[in-house]
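One structure is given here, and the rest of the page talks about it.
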Amino acid sequence: MHESPHHDLTGRNLIITGGARGLGAEAARQAVAAGAHVLITDVLDEDGERTARELGDRTRFLHHDVTSQEEWRRATDFAVAEFGALHGLVNNAGISTGSLLESESVEHFRQVLDVNLTGVFIGMKTVIPALKEAGGGSIVNISSAAGLMGLALTAGYGASKWGVRGLTKIGAVELGTARIRVNSVHPGMTYTPMTAATGIERGEGAYPNTPMGRVGEAHEIAGAVVFLLSDAASYVTGAELAVDGGWTTGPTVAYVMGQ
């Protein structure tokens, strides 16, 4: 288990969507290790229940379709009833797809936006009263490197992640005086069960498209999430934190010292 000992979440109660596996599950692991109570939500019931069991008594699982306002209300009410209050939300649930702009169907484009962007909006809107009741809190929205640059083959996905980036900044401006911080995390190519299906490989030198020459690991992204949830980031809001091995800093070129 990759812990974040300097980012104390003792006494914090969180919802992490898409928490059954991959990045969401790792964020839940690190949050629990840092002292939090976590409600994992997902549509993958078997994986979600297994992850919650593995993480122990301070973790719960609830089936949750993030496109449903009613299921968002149910998840928020469940978290408050189980833990007594709500202090944070990680909007991690999403779907990743790739297609050319001219090939993307309108129906599929709408589906991706409904999950990746509208789901984030409904979640933020729904938890705000509970966070205010708790005296403030932290919302972390998982965007993408595709939300920081134009990336081919991401018509619906890229548009949704740019939208998440913008919605995060609006939330930060509107909620700052309520002591609710809102930030976005922008992972680059990261090894998870979802991306493993694309054939990406782990290890040094396996992904030369980034300055660091490798794909990220879930625990590296999750560490940034836990930081933003914690008081270590108490004056950070409206930020867009790229955790991408330098991918979005510009074109990657080979650099050899002395040449």
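Following the order of the structure tokens, chains are lettered A, B, ..., residues in each are numbered from 1, and ligands are numbered from 1.
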Inset, instruction - Write out as a ChimeraX atom specification each polymer residue whose atoms come within 6 Å of Ser184 in chain A, counting only C-alpha atoms; drop sequence neighbours fewer than 6 positions from it. - result: /A:140-142,240
Save the residues we just selected, N, CA, C and O atoms, as a compact mmCIF listing (two decimals), in the first residue's frame?
# COMPACT_ATOMS: atom_id res chain seq x y z
N VAL A 140 -12.05 17.31 -5.60
CA VAL A 140 -10.99 17.05 -6.56
C VAL A 140 -11.62 16.40 -7.78
O VAL A 140 -12.21 15.32 -7.69
N ASN A 141 -11.51 17.07 -8.91
CA ASN A 141 -12.07 16.56 -10.16
C ASN A 141 -10.95 15.99 -11.02
O ASN A 141 -9.96 16.67 -11.30
N ILE A 142 -11.10 14.74 -11.43
CA ILE A 142 -10.08 14.11 -12.27
C ILE A 142 -10.36 14.46 -13.73
O ILE A 142 -11.33 13.99 -14.33
N GLU A 240 -4.92 23.51 -11.54
CA GLU A 240 -4.94 22.36 -12.45
C GLU A 240 -3.58 21.69 -12.32
O GLU A 240 -2.57 22.22 -12.76
Excluding Thr237 in chain A and any residue of its chain fewer than 2 positions from it, enumerate the residues within 8 Å of it, using only C-alpha atoms, and give them as an mmCIF file with C-alpha atoms, in the first residue's frame.
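Final output, around_23.cif:
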data_model
loop_
_atom_site.group_PDB
_atom_site.id
_atom_site.type_symbol
_atom_site.label_atom_id
_atom_site.label_comp_id
_atom_site.auth_asym_id
_atom_site.auth_seq_id
_atom_site.Cartn_x
_atom_site.Cartn_y
_atom_site.Cartn_z
ATOM 1 C CA ALA A 172 -13.362 27.426 -6.984
ATOM 2 C CA GLY A 176 -14.067 29.879 -1.902
ATOM 3 C CA ARG A 181 -11.648 24.172 -2.356
ATOM 4 C CA VAL A 182 -12.057 22.841 -5.898
ATOM 5 C CA ASN A 183 -9.092 21.607 -7.931
ATOM 6 C CA TYR A 235 -4.542 27.561 0.182
ATOM 7 C CA ALA A 239 -5.519 24.801 -9.618
#
Inset, instruction - To one decimal in Å, tell me the separation between CA of Ile15 in chain A and CA of His219 in chain A. - result: 18.0 Å
Legend entry - Atom-to-atom span, CA of Gly88 in chain A and CA of Ala222 in chain A, Å: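 If I compute the distance from CA of Gly88 in chain A to CA of Ala222 in chain A, I get 14.5 Å.
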Inset, instruction - Calculate how many Å separate CA of Gly11 in chain A from CA of Lys132 in chain A, rounding to one decimal. - result: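 CA of Lys132 in chain A lies at a distance of 16.2 Å from CA of Gly11 in chain A.
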Legend entry - All residues 8 Å or closer to Ala52 in chain A, only C-alpha atoms, same chain fewer than 6 positions away omitted, as a PyMOL selection string: chain A and resi 40+59-61
Legend entry - Nearest residue to Ala155 in chain A from the set A:Ile221, A:Met124, A:Val106, A:Ala28 (distances using only C-alpha atoms): A:Val106
Legend entry - Picked from range 30-245 of chain A by DSSP as alpha helix (DSSP H), as a ChimeraX atom specification: /A:30-33,45-55,69-83,106-113,119-133,155-175,193-196,218-229
Legend entry - Surrounding residues of Gly24 in chain A excluding itself and chain neighbours under 5 positions, 12 Å, only C-alpha atoms, as a PyMOL selection string: chain A and resi 15-19+29-31+38-42+47-48+51-52+89-94+140-142+192-194+218-219+221-223+225-226
Dump N, CA and C atoms for the selected residues as a compact mmCIF listing (two decimals), in the first residue's frame?
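part_5.txt, freshly written:
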# COMPACT_ATOMS: atom_id res chain seq x y z
N ILE A 15 -16.26 10.86 -0.49
CA ILE A 15 -16.84 10.04 -1.55
C ILE A 15 -15.83 10.01 -2.69
N ILE A 16 -15.53 8.82 -3.19
CA ILE A 16 -14.66 8.67 -4.36
C ILE A 16 -15.42 7.87 -5.40
N THR A 17 -15.77 8.52 -6.51
CA THR A 17 -16.50 7.82 -7.57
C THR A 17 -15.53 7.05 -8.45
N GLY A 18 -16.06 6.03 -9.12
CA GLY A 18 -15.20 5.18 -9.93
C GLY A 18 -14.12 4.54 -9.09
N GLY A 19 -14.46 4.19 -7.85
CA GLY A 19 -13.47 3.72 -6.90
C GLY A 19 -13.29 2.22 -6.83
N ARG A 29 -7.37 3.79 -1.25
CA ARG A 29 -6.37 3.14 -0.40
C ARG A 29 -5.52 4.19 0.33
N GLN A 30 -5.05 5.16 -0.43
CA GLN A 30 -4.19 6.16 0.19
C GLN A 30 -4.97 7.05 1.16
N ALA A 31 -6.22 7.35 0.83
CA ALA A 31 -7.03 8.17 1.73
C ALA A 31 -7.29 7.44 3.04
N VAL A 38 -14.06 6.44 3.77
CA VAL A 38 -14.29 6.59 2.34
C VAL A 38 -15.49 5.78 1.89
N LEU A 39 -16.39 6.45 1.17
CA LEU A 39 -17.45 5.77 0.44
C LEU A 39 -17.00 5.64 -1.00
N ILE A 40 -16.74 4.41 -1.42
CA ILE A 40 -16.42 4.11 -2.82
C ILE A 40 -17.73 3.92 -3.57
N THR A 41 -17.85 4.58 -4.71
CA THR A 41 -19.03 4.33 -5.55
C THR A 41 -18.57 3.94 -6.95
N ASP A 42 -19.41 3.13 -7.61
CA ASP A 42 -19.06 2.65 -8.95
C ASP A 42 -20.25 1.88 -9.49
N ASP A 47 -16.26 -5.61 -8.16
CA ASP A 47 -14.95 -5.01 -7.90
C ASP A 47 -15.04 -4.03 -6.74
N GLY A 48 -16.11 -3.24 -6.70
CA GLY A 48 -16.27 -2.25 -5.65
C GLY A 48 -16.42 -2.87 -4.28
N THR A 51 -12.99 -4.26 -3.20
CA THR A 51 -12.07 -3.20 -2.79
C THR A 51 -12.44 -2.67 -1.41
N ALA A 52 -13.73 -2.47 -1.17
CA ALA A 52 -14.17 -1.97 0.14
C ALA A 52 -13.81 -2.96 1.24
N LEU A 89 -14.92 15.19 -1.87
CA LEU A 89 -15.42 14.42 -3.02
C LEU A 89 -14.31 14.33 -4.05
N VAL A 90 -14.11 13.12 -4.57
CA VAL A 90 -13.22 12.92 -5.71
C VAL A 90 -14.07 12.44 -6.87
N ASN A 91 -14.22 13.30 -7.87
CA ASN A 91 -14.97 12.95 -9.08
C ASN A 91 -14.02 12.24 -10.04
N ASN A 92 -13.95 10.93 -9.90
CA ASN A 92 -13.01 10.13 -10.69
C ASN A 92 -13.70 9.29 -11.77
N ALA A 93 -14.97 8.98 -11.61
CA ALA A 93 -15.66 8.11 -12.57
C ALA A 93 -15.62 8.71 -13.97
N GLY A 94 -15.36 7.88 -14.94
CA GLY A 94 -15.34 8.36 -16.31
C GLY A 94 -15.13 7.23 -17.29
N VAL A 140 -12.05 17.31 -5.60
CA VAL A 140 -10.99 17.05 -6.56
C VAL A 140 -11.62 16.40 -7.78
N ASN A 141 -11.51 17.07 -8.91
CA ASN A 141 -12.07 16.56 -10.16
C ASN A 141 -10.95 15.99 -11.02
N ILE A 142 -11.10 14.74 -11.43
CA ILE A 142 -10.08 14.11 -12.27
C ILE A 142 -10.36 14.46 -13.73
N THR A 192 -3.42 1.56 -15.73
CA THR A 192 -4.57 1.11 -14.94
C THR A 192 -5.22 -0.05 -15.70
N PRO A 193 -6.18 -0.74 -15.08
CA PRO A 193 -6.87 -1.80 -15.83
C PRO A 193 -7.52 -1.29 -17.12
N MET A 194 -7.99 -0.03 -17.11
CA MET A 194 -8.63 0.52 -18.30
C MET A 194 -7.62 0.76 -19.42
N ALA A 218 -0.70 4.36 -10.88
CA ALA A 218 -1.89 4.86 -10.19
C ALA A 218 -1.54 5.51 -8.86
N HIS A 219 -0.57 4.96 -8.14
CA HIS A 219 -0.24 5.53 -6.84
C HIS A 219 0.35 6.93 -6.96
N ILE A 221 -0.60 9.23 -9.21
CA ILE A 221 -1.73 10.14 -9.40
C ILE A 221 -2.51 10.28 -8.09
N ALA A 222 -2.71 9.16 -7.42
CA ALA A 222 -3.47 9.17 -6.17
C ALA A 222 -2.80 10.04 -5.11
N GLY A 223 -1.47 10.07 -5.09
CA GLY A 223 -0.77 10.91 -4.14
C GLY A 223 -1.11 12.38 -4.31
N VAL A 225 -3.95 13.47 -5.51
CA VAL A 225 -5.33 13.61 -5.06
C VAL A 225 -5.40 13.77 -3.54
N VAL A 226 -4.66 12.92 -2.82
CA VAL A 226 -4.67 12.98 -1.36
C VAL A 226 -4.09 14.32 -0.88
Inset, instruction - Pick out the residues sitting within 9 Å of Thr118 in chain A, and hand them over as a PyMOL selection string; count only C-alpha atoms, and ignore anything fewer than 2 positions along from it in its own chain. - result: chain A and resi 66-67+113-116+120-123+160+164
